[in-house]
Amino acid sequence: MEKDRFDKFYHLISCSSKSIQRLRSIGMMPYGLTGAHTMCLRHLYGNPDGLTRTKLTRLCDIDKAQVSRIINELCSKGYAIETESENINYRKRLKLTPMGKDTTEEINRLVLDLNGFVSADIPDEDLRVFYNTFEKICERLKESEDTLEKRISETT
């Protein structure tokens with residue numbers, strides 16, 4: 001039972017992840033962007049004062065080099081600009097341009113439409129339980145990483 005449950009969990013996560021990646025890619029095609037830009041645009045939209053490269057890297061959970069490429073592409077296509085910050089470190093902040101805001105609003109509507117379609121027949125209570133449970137599973141998986149690394153380092 002335990003093995004079957006793990007295999008099913010792995011299959012469902014993998015299948016979901018692949019579908020989400022394909023949906024992001026398809027949804028971004030009209031804008032000449034890739035799926036990797038979606039999260040950056042959406043985080044920038046939610047932070048009108050802008051975000052630093054470091055903060056964007058953390059929020060999107062992608063590496064610095066990829067964030068750098070994404071920022072360059074968003075700026076060159078007119079979706080975003082980088083401005084000097086007034087803070088003590090003078091770090092540049094990335095902000096959406098009016099075109100970037102309009103585009104992200106379109107993307108957000110698409111995301112909401114897709115999310116509504118995917119969860120249309122699922123009662124709100126079931127969704128609440130699912131997300132709470134899935135969040136706990138994610139936390140435990142992160143804890144498991146630390147435990148496994150510790151166990152392996154003790155045996156080597």
# chains A, B, ... in the order shown; residues from 1 in each chain; ligands from 1
$ select_by_dssp --residues "chain A" --states "helix (DSSP H, G or I)" --output "mmCIF file with C-alpha atoms, in the first residue's frame"
data_model
loop_
_atom_site.group_PDB
_atom_site.id
_atom_site.type_symbol
_atom_site.label_atom_id
_atom_site.label_comp_id
_atom_site.auth_asym_id
_atom_site.auth_seq_id
_atom_site.Cartn_x
_atom_site.Cartn_y
_atom_site.Cartn_z
ATOM 1 C CA GLU A 2 2.732 2.469 0.969
ATOM 2 C CA LYS A 3 4.680 1.855 -2.265
ATOM 3 C CA ASP A 4 1.538 2.227 -4.374
ATOM 4 C CA ARG A 5 0.634 5.450 -2.587
ATOM 5 C CA PHE A 6 4.080 6.932 -3.234
ATOM 6 C CA ASP A 7 3.992 5.892 -6.900
ATOM 7 C CA LYS A 8 0.550 7.421 -7.344
ATOM 8 C CA PHE A 9 1.616 10.633 -5.579
ATOM 9 C CA TYR A 10 4.728 10.913 -7.742
ATOM 10 C CA HIS A 11 2.745 10.273 -10.934
ATOM 11 C CA LEU A 12 0.066 12.840 -10.047
ATOM 12 C CA ILE A 13 2.619 15.516 -9.133
ATOM 13 C CA SER A 14 4.641 14.867 -12.286
ATOM 14 C CA CYS A 15 1.562 14.895 -14.527
ATOM 15 C CA SER A 16 0.256 18.113 -12.907
ATOM 16 C CA SER A 17 3.622 19.841 -13.193
ATOM 17 C CA LYS A 18 3.969 18.981 -16.872
ATOM 18 C CA SER A 19 0.443 20.190 -17.635
ATOM 19 C CA ILE A 20 1.056 23.463 -15.796
ATOM 20 C CA GLN A 21 4.313 23.998 -17.714
ATOM 21 C CA ARG A 22 2.554 23.373 -21.039
ATOM 22 C CA LEU A 23 -0.322 25.701 -20.108
ATOM 23 C CA ARG A 24 2.121 28.457 -19.139
ATOM 24 C CA SER A 25 4.007 28.068 -22.408
ATOM 25 C CA ILE A 26 0.841 28.088 -24.516
ATOM 26 C CA GLY A 27 -0.626 31.020 -22.584
ATOM 27 C CA MET A 28 2.516 33.122 -22.995
ATOM 28 C CA MET A 29 2.945 32.496 -26.746
ATOM 29 C CA PRO A 30 0.843 35.502 -27.838
ATOM 30 C CA TYR A 31 3.206 37.782 -25.894
ATOM 31 C CA ALA A 36 9.185 31.236 -17.018
ATOM 32 C CA HIS A 37 8.117 34.865 -17.413
ATOM 33 C CA THR A 38 4.634 34.227 -15.994
ATOM 34 C CA MET A 39 5.605 34.106 -12.339
ATOM 35 C CA CYS A 40 7.935 37.101 -12.647
ATOM 36 C CA LEU A 41 5.215 39.216 -14.259
ATOM 37 C CA ARG A 42 2.627 38.128 -11.700
ATOM 38 C CA HIS A 43 4.930 38.866 -8.737
ATOM 39 C CA LEU A 44 5.803 42.259 -10.185
ATOM 40 C CA TYR A 45 2.104 42.988 -10.683
ATOM 41 C CA ARG A 53 16.518 40.879 -8.561
ATOM 42 C CA THR A 54 17.264 39.078 -5.290
ATOM 43 C CA LYS A 55 13.662 39.264 -4.095
ATOM 44 C CA LEU A 56 12.354 38.162 -7.502
ATOM 45 C CA THR A 57 14.767 35.205 -7.479
ATOM 46 C CA ARG A 58 13.457 34.141 -4.073
ATOM 47 C CA LEU A 59 9.773 34.620 -4.896
ATOM 48 C CA CYS A 60 9.930 32.800 -8.243
ATOM 49 C CA LYS A 64 19.903 34.324 -10.475
ATOM 50 C CA ALA A 65 21.096 33.764 -14.042
ATOM 51 C CA GLN A 66 17.602 32.905 -15.255
ATOM 52 C CA VAL A 67 16.083 35.899 -13.445
ATOM 53 C CA SER A 68 18.705 38.085 -15.095
ATOM 54 C CA ARG A 69 17.769 36.777 -18.554
ATOM 55 C CA ILE A 70 14.067 37.195 -17.814
ATOM 56 C CA ILE A 71 14.564 40.777 -16.617
ATOM 57 C CA ASN A 72 16.561 41.634 -19.739
ATOM 58 C CA GLU A 73 13.845 40.144 -21.965
ATOM 59 C CA LEU A 74 10.994 41.849 -20.108
ATOM 60 C CA CYS A 75 12.783 45.199 -20.339
ATOM 61 C CA SER A 76 13.728 44.817 -24.015
ATOM 62 C CA PRO A 98 1.808 50.352 -18.361
ATOM 63 C CA MET A 99 2.047 47.779 -21.175
ATOM 64 C CA GLY A 100 3.402 45.241 -18.671
ATOM 65 C CA LYS A 101 0.500 45.923 -16.302
ATOM 66 C CA ASP A 102 -2.066 45.525 -19.079
ATOM 67 C CA THR A 103 -0.442 42.315 -20.284
ATOM 68 C CA THR A 104 -0.245 40.883 -16.766
ATOM 69 C CA GLU A 105 -3.919 41.713 -16.204
ATOM 70 C CA GLU A 106 -4.707 39.650 -19.326
ATOM 71 C CA ILE A 107 -2.499 36.827 -18.047
ATOM 72 C CA ASN A 108 -4.140 36.995 -14.604
ATOM 73 C CA ARG A 109 -7.595 36.701 -16.201
ATOM 74 C CA LEU A 110 -6.395 33.657 -18.138
ATOM 75 C CA VAL A 111 -4.983 32.086 -14.962
ATOM 76 C CA LEU A 112 -8.264 32.685 -13.112
ATOM 77 C CA ASP A 113 -10.258 31.219 -16.011
ATOM 78 C CA LEU A 114 -8.076 28.109 -16.103
ATOM 79 C CA ASN A 115 -8.159 27.753 -12.326
ATOM 80 C CA GLY A 116 -11.946 28.091 -12.367
ATOM 81 C CA PHE A 117 -12.233 25.435 -15.057
ATOM 82 C CA VAL A 118 -9.918 23.005 -13.264
ATOM 83 C CA SER A 119 -11.673 23.315 -9.900
ATOM 84 C CA ASP A 124 -14.739 24.715 -1.706
ATOM 85 C CA GLU A 125 -14.302 22.625 1.450
ATOM 86 C CA ASP A 126 -12.540 19.888 -0.520
ATOM 87 C CA LEU A 127 -10.224 22.476 -2.091
ATOM 88 C CA ARG A 128 -9.450 23.965 1.327
ATOM 89 C CA VAL A 129 -8.583 20.537 2.733
ATOM 90 C CA PHE A 130 -6.534 19.700 -0.378
ATOM 91 C CA TYR A 131 -4.416 22.868 -0.200
ATOM 92 C CA ASN A 132 -3.895 22.553 3.572
ATOM 93 C CA THR A 133 -2.850 18.922 3.160
ATOM 94 C CA PHE A 134 -0.645 19.632 0.151
ATOM 95 C CA GLU A 135 1.080 22.457 2.032
ATOM 96 C CA LYS A 136 1.849 20.083 4.914
ATOM 97 C CA ILE A 137 3.189 17.480 2.475
ATOM 98 C CA CYS A 138 5.471 20.094 0.896
ATOM 99 C CA GLU A 139 6.767 21.139 4.312
ATOM 100 C CA ARG A 140 7.438 17.509 5.254
ATOM 101 C CA LEU A 141 9.215 16.870 1.948
ATOM 102 C CA LYS A 142 11.542 19.810 2.661
ATOM 103 C CA GLU A 143 12.187 18.420 6.151
ATOM 104 C CA SER A 144 12.855 15.014 4.586
ATOM 105 C CA GLU A 145 15.521 16.547 2.339
ATOM 106 C CA ASP A 146 17.390 17.807 5.402
ATOM 107 C CA THR A 147 16.982 14.484 7.203
ATOM 108 C CA LEU A 148 18.236 12.469 4.216
ATOM 109 C CA GLU A 149 21.204 14.797 3.634
ATOM 110 C CA LYS A 150 22.131 14.503 7.311
ATOM 111 C CA ARG A 151 21.831 10.712 7.235
ATOM 112 C CA ILE A 152 23.993 10.453 4.104
ATOM 113 C CA SER A 153 26.645 12.831 5.444
ATOM 114 C CA GLU A 154 26.891 10.760 8.642
ATOM 115 C CA THR A 155 27.562 7.585 6.662
#
$ select_by_dssp --residues "stretch 32-151 of chain A" --states "strand (DSSP E)" --output "PyMOL selection string"
chain A and resi 80-84+92-96
$ residues_around --residues "A:Ile81" --least-positions-apart "4" --cutoff "7 Å" --atoms "only C-alpha atoms" --output "list of chain:residue names"
A:Cys75, A:Leu94, A:Lys95, A:Leu96, A:Thr97
$ decode --residues "stretch 76-111 of chain A" --atoms "N, CA, C and O atoms" --output "PDB file, in the first residue's frame"
ATOM      1  N   SER A  76      13.543  44.580 -22.572  1.00  0.00           N
ATOM      2  CA  SER A  76      13.728  44.817 -24.015  1.00  0.00           C
ATOM      3  C   SER A  76      12.407  44.766 -24.779  1.00  0.00           C
ATOM      4  O   SER A  76      12.249  45.429 -25.799  1.00  0.00           O
ATOM      5  N   LYS A  77      11.438  44.016 -24.272  1.00  0.00           N
ATOM      6  CA  LYS A  77      10.127  43.926 -24.927  1.00  0.00           C
ATOM      7  C   LYS A  77       9.163  45.009 -24.428  1.00  0.00           C
ATOM      8  O   LYS A  77       8.026  45.084 -24.882  1.00  0.00           O
ATOM      9  N   GLY A  78       9.609  45.826 -23.475  1.00  0.00           N
ATOM     10  CA  GLY A  78       8.785  46.927 -22.996  1.00  0.00           C
ATOM     11  C   GLY A  78       7.794  46.583 -21.902  1.00  0.00           C
ATOM     12  O   GLY A  78       6.930  47.390 -21.568  1.00  0.00           O
ATOM     13  N   TYR A  79       7.913  45.395 -21.308  1.00  0.00           N
ATOM     14  CA  TYR A  79       6.997  44.990 -20.240  1.00  0.00           C
ATOM     15  C   TYR A  79       7.419  45.518 -18.872  1.00  0.00           C
ATOM     16  O   TYR A  79       6.597  45.613 -17.964  1.00  0.00           O
ATOM     17  N   ALA A  80       8.697  45.838 -18.717  1.00  0.00           N
ATOM     18  CA  ALA A  80       9.207  46.263 -17.412  1.00  0.00           C
ATOM     19  C   ALA A  80      10.361  47.243 -17.590  1.00  0.00           C
ATOM     20  O   ALA A  80      10.950  47.346 -18.671  1.00  0.00           O
ATOM     21  N   ILE A  81      10.663  47.959 -16.505  1.00  0.00           N
ATOM     22  CA  ILE A  81      11.828  48.845 -16.469  1.00  0.00           C
ATOM     23  C   ILE A  81      12.533  48.619 -15.133  1.00  0.00           C
ATOM     24  O   ILE A  81      11.919  48.199 -14.152  1.00  0.00           O
ATOM     25  N   GLU A  82      13.821  48.915 -15.132  1.00  0.00           N
ATOM     26  CA  GLU A  82      14.591  48.859 -13.885  1.00  0.00           C
ATOM     27  C   GLU A  82      14.873  50.282 -13.454  1.00  0.00           C
ATOM     28  O   GLU A  82      15.292  51.113 -14.265  1.00  0.00           O
ATOM     29  N   THR A  83      14.631  50.560 -12.181  1.00  0.00           N
ATOM     30  CA  THR A  83      14.854  51.907 -11.661  1.00  0.00           C
ATOM     31  C   THR A  83      15.755  51.842 -10.445  1.00  0.00           C
ATOM     32  O   THR A  83      15.802  50.827  -9.750  1.00  0.00           O
ATOM     33  N   GLU A  84      16.442  52.939 -10.212  1.00  0.00           N
ATOM     34  CA  GLU A  84      17.262  53.025  -9.002  1.00  0.00           C
ATOM     35  C   GLU A  84      16.339  53.134  -7.799  1.00  0.00           C
ATOM     36  O   GLU A  84      15.336  53.841  -7.837  1.00  0.00           O
ATOM     37  N   SER A  85      16.681  52.439  -6.745  1.00  0.00           N
ATOM     38  CA  SER A  85      15.880  52.484  -5.534  1.00  0.00           C
ATOM     39  C   SER A  85      16.375  53.636  -4.668  1.00  0.00           C
ATOM     40  O   SER A  85      17.526  54.044  -4.747  1.00  0.00           O
ATOM     41  N   GLU A  86      15.490  54.141  -3.835  1.00  0.00           N
ATOM     42  CA  GLU A  86      15.884  55.198  -2.915  1.00  0.00           C
ATOM     43  C   GLU A  86      16.422  54.632  -1.605  1.00  0.00           C
ATOM     44  O   GLU A  86      16.737  55.388  -0.695  1.00  0.00           O
ATOM     45  N   ASN A  87      16.547  53.317  -1.509  1.00  0.00           N
ATOM     46  CA  ASN A  87      17.023  52.759  -0.245  1.00  0.00           C
ATOM     47  C   ASN A  87      18.528  52.924  -0.112  1.00  0.00           C
ATOM     48  O   ASN A  87      19.215  53.350  -1.041  1.00  0.00           O
ATOM     49  N   ILE A  88      19.028  52.575   1.019  1.00  0.00           N
ATOM     50  CA  ILE A  88      20.431  52.814   1.350  1.00  0.00           C
ATOM     51  C   ILE A  88      21.412  52.044   0.453  1.00  0.00           C
ATOM     52  O   ILE A  88      22.519  52.489   0.231  1.00  0.00           O
ATOM     53  N   ASN A  89      20.980  50.902  -0.060  1.00  0.00           N
ATOM     54  CA  ASN A  89      21.865  50.089  -0.897  1.00  0.00           C
ATOM     55  C   ASN A  89      21.825  50.480  -2.364  1.00  0.00           C
ATOM     56  O   ASN A  89      22.600  49.975  -3.161  1.00  0.00           O
ATOM     57  N   TYR A  90      20.937  51.343  -2.757  1.00  0.00           N
ATOM     58  CA  TYR A  90      20.788  51.782  -4.149  1.00  0.00           C
ATOM     59  C   TYR A  90      20.626  50.609  -5.103  1.00  0.00           C
ATOM     60  O   TYR A  90      21.152  50.619  -6.200  1.00  0.00           O
ATOM     61  N   ARG A  91      19.899  49.608  -4.676  1.00  0.00           N
ATOM     62  CA  ARG A  91      19.647  48.468  -5.557  1.00  0.00           C
ATOM     63  C   ARG A  91      18.585  48.845  -6.577  1.00  0.00           C
ATOM     64  O   ARG A  91      17.615  49.530  -6.265  1.00  0.00           O
ATOM     65  N   LYS A  92      18.750  48.330  -7.768  1.00  0.00           N
ATOM     66  CA  LYS A  92      17.755  48.570  -8.801  1.00  0.00           C
ATOM     67  C   LYS A  92      16.507  47.751  -8.495  1.00  0.00           C
ATOM     68  O   LYS A  92      16.582  46.662  -7.977  1.00  0.00           O
ATOM     69  N   ARG A  93      15.371  48.329  -8.841  1.00  0.00           N
ATOM     70  CA  ARG A  93      14.090  47.651  -8.659  1.00  0.00           C
ATOM     71  C   ARG A  93      13.445  47.509 -10.030  1.00  0.00           C
ATOM     72  O   ARG A  93      13.488  48.411 -10.840  1.00  0.00           O
ATOM     73  N   LEU A  94      12.839  46.370 -10.245  1.00  0.00           N
ATOM     74  CA  LEU A  94      12.131  46.111 -11.482  1.00  0.00           C
ATOM     75  C   LEU A  94      10.658  46.433 -11.271  1.00  0.00           C
ATOM     76  O   LEU A  94      10.068  46.020 -10.268  1.00  0.00           O
ATOM     77  N   LYS A  95      10.091  47.208 -12.206  1.00  0.00           N
ATOM     78  CA  LYS A  95       8.672  47.569 -12.143  1.00  0.00           C
ATOM     79  C   LYS A  95       8.047  47.331 -13.508  1.00  0.00           C
ATOM     80  O   LYS A  95       8.715  47.418 -14.537  1.00  0.00           O
ATOM     81  N   LEU A  96       6.757  47.068 -13.491  1.00  0.00           N
ATOM     82  CA  LEU A  96       6.038  46.897 -14.747  1.00  0.00           C
ATOM     83  C   LEU A  96       5.764  48.250 -15.388  1.00  0.00           C
ATOM     84  O   LEU A  96       5.479  49.234 -14.699  1.00  0.00           O
ATOM     85  N   THR A  97       5.837  48.292 -16.711  1.00  0.00           N
ATOM     86  CA  THR A  97       5.419  49.460 -17.470  1.00  0.00           C
ATOM     87  C   THR A  97       3.895  49.392 -17.620  1.00  0.00           C
ATOM     88  O   THR A  97       3.287  48.357 -17.301  1.00  0.00           O
ATOM     89  N   PRO A  98       3.257  50.449 -18.104  1.00  0.00           N
ATOM     90  CA  PRO A  98       1.808  50.352 -18.361  1.00  0.00           C
ATOM     91  C   PRO A  98       1.469  49.166 -19.276  1.00  0.00           C
ATOM     92  O   PRO A  98       0.488  48.448 -19.025  1.00  0.00           O
ATOM     93  N   MET A  99       2.283  48.926 -20.302  1.00  0.00           N
ATOM     94  CA  MET A  99       2.047  47.779 -21.175  1.00  0.00           C
ATOM     95  C   MET A  99       2.204  46.470 -20.393  1.00  0.00           C
ATOM     96  O   MET A  99       1.442  45.524 -20.573  1.00  0.00           O
ATOM     97  N   GLY A 100       3.188  46.423 -19.502  1.00  0.00           N
ATOM     98  CA  GLY A 100       3.402  45.241 -18.671  1.00  0.00           C
ATOM     99  C   GLY A 100       2.232  44.986 -17.737  1.00  0.00           C
ATOM    100  O   GLY A 100       1.830  43.842 -17.525  1.00  0.00           O
ATOM    101  N   LYS A 101       1.667  46.063 -17.185  1.00  0.00           N
ATOM    102  CA  LYS A 101       0.500  45.923 -16.302  1.00  0.00           C
ATOM    103  C   LYS A 101      -0.697  45.390 -17.087  1.00  0.00           C
ATOM    104  O   LYS A 101      -1.389  44.485 -16.622  1.00  0.00           O
ATOM    105  N   ASP A 102      -0.939  45.978 -18.254  1.00  0.00           N
ATOM    106  CA  ASP A 102      -2.066  45.525 -19.079  1.00  0.00           C
ATOM    107  C   ASP A 102      -1.904  44.060 -19.469  1.00  0.00           C
ATOM    108  O   ASP A 102      -2.858  43.275 -19.397  1.00  0.00           O
ATOM    109  N   THR A 103      -0.712  43.690 -19.879  1.00  0.00           N
ATOM    110  CA  THR A 103      -0.442  42.315 -20.284  1.00  0.00           C
ATOM    111  C   THR A 103      -0.623  41.364 -19.113  1.00  0.00           C
ATOM    112  O   THR A 103      -1.230  40.292 -19.252  1.00  0.00           O
ATOM    113  N   THR A 104      -0.126  41.743 -17.942  1.00  0.00           N
ATOM    114  CA  THR A 104      -0.245  40.883 -16.766  1.00  0.00           C
ATOM    115  C   THR A 104      -1.699  40.761 -16.334  1.00  0.00           C
ATOM    116  O   THR A 104      -2.117  39.695 -15.865  1.00  0.00           O
ATOM    117  N   GLU A 105      -2.483  41.819 -16.498  1.00  0.00           N
ATOM    118  CA  GLU A 105      -3.919  41.713 -16.204  1.00  0.00           C
ATOM    119  C   GLU A 105      -4.576  40.683 -17.122  1.00  0.00           C
ATOM    120  O   GLU A 105      -5.409  39.891 -16.672  1.00  0.00           O
ATOM    121  N   GLU A 106      -4.191  40.659 -18.396  1.00  0.00           N
ATOM    122  CA  GLU A 106      -4.707  39.650 -19.326  1.00  0.00           C
ATOM    123  C   GLU A 106      -4.288  38.249 -18.883  1.00  0.00           C
ATOM    124  O   GLU A 106      -5.095  37.311 -18.895  1.00  0.00           O
ATOM    125  N   ILE A 107      -3.024  38.120 -18.499  1.00  0.00           N
ATOM    126  CA  ILE A 107      -2.499  36.827 -18.047  1.00  0.00           C
ATOM    127  C   ILE A 107      -3.223  36.391 -16.773  1.00  0.00           C
ATOM    128  O   ILE A 107      -3.600  35.227 -16.630  1.00  0.00           O
ATOM    129  N   ASN A 108      -3.434  37.317 -15.847  1.00  0.00           N
ATOM    130  CA  ASN A 108      -4.140  36.995 -14.604  1.00  0.00           C
ATOM    131  C   ASN A 108      -5.563  36.520 -14.878  1.00  0.00           C
ATOM    132  O   ASN A 108      -6.054  35.597 -14.226  1.00  0.00           O
ATOM    133  N   ARG A 109      -6.246  37.156 -15.838  1.00  0.00           N
ATOM    134  CA  ARG A 109      -7.595  36.701 -16.201  1.00  0.00           C
ATOM    135  C   ARG A 109      -7.549  35.280 -16.755  1.00  0.00           C
ATOM    136  O   ARG A 109      -8.396  34.441 -16.428  1.00  0.00           O
ATOM    137  N   LEU A 110      -6.551  34.998 -17.581  1.00  0.00           N
ATOM    138  CA  LEU A 110      -6.395  33.657 -18.138  1.00  0.00           C
ATOM    139  C   LEU A 110      -6.156  32.637 -17.028  1.00  0.00           C
ATOM    140  O   LEU A 110      -6.761  31.563 -17.005  1.00  0.00           O
ATOM    141  N   VAL A 111      -5.280  32.978 -16.088  1.00  0.00           N
ATOM    142  CA  VAL A 111      -4.983  32.086 -14.962  1.00  0.00           C
ATOM    143  C   VAL A 111      -6.248  31.816 -14.149  1.00  0.00           C
ATOM    144  O   VAL A 111      -6.532  30.668 -13.797  1.00  0.00           O
TER     145      VAL A 111
END
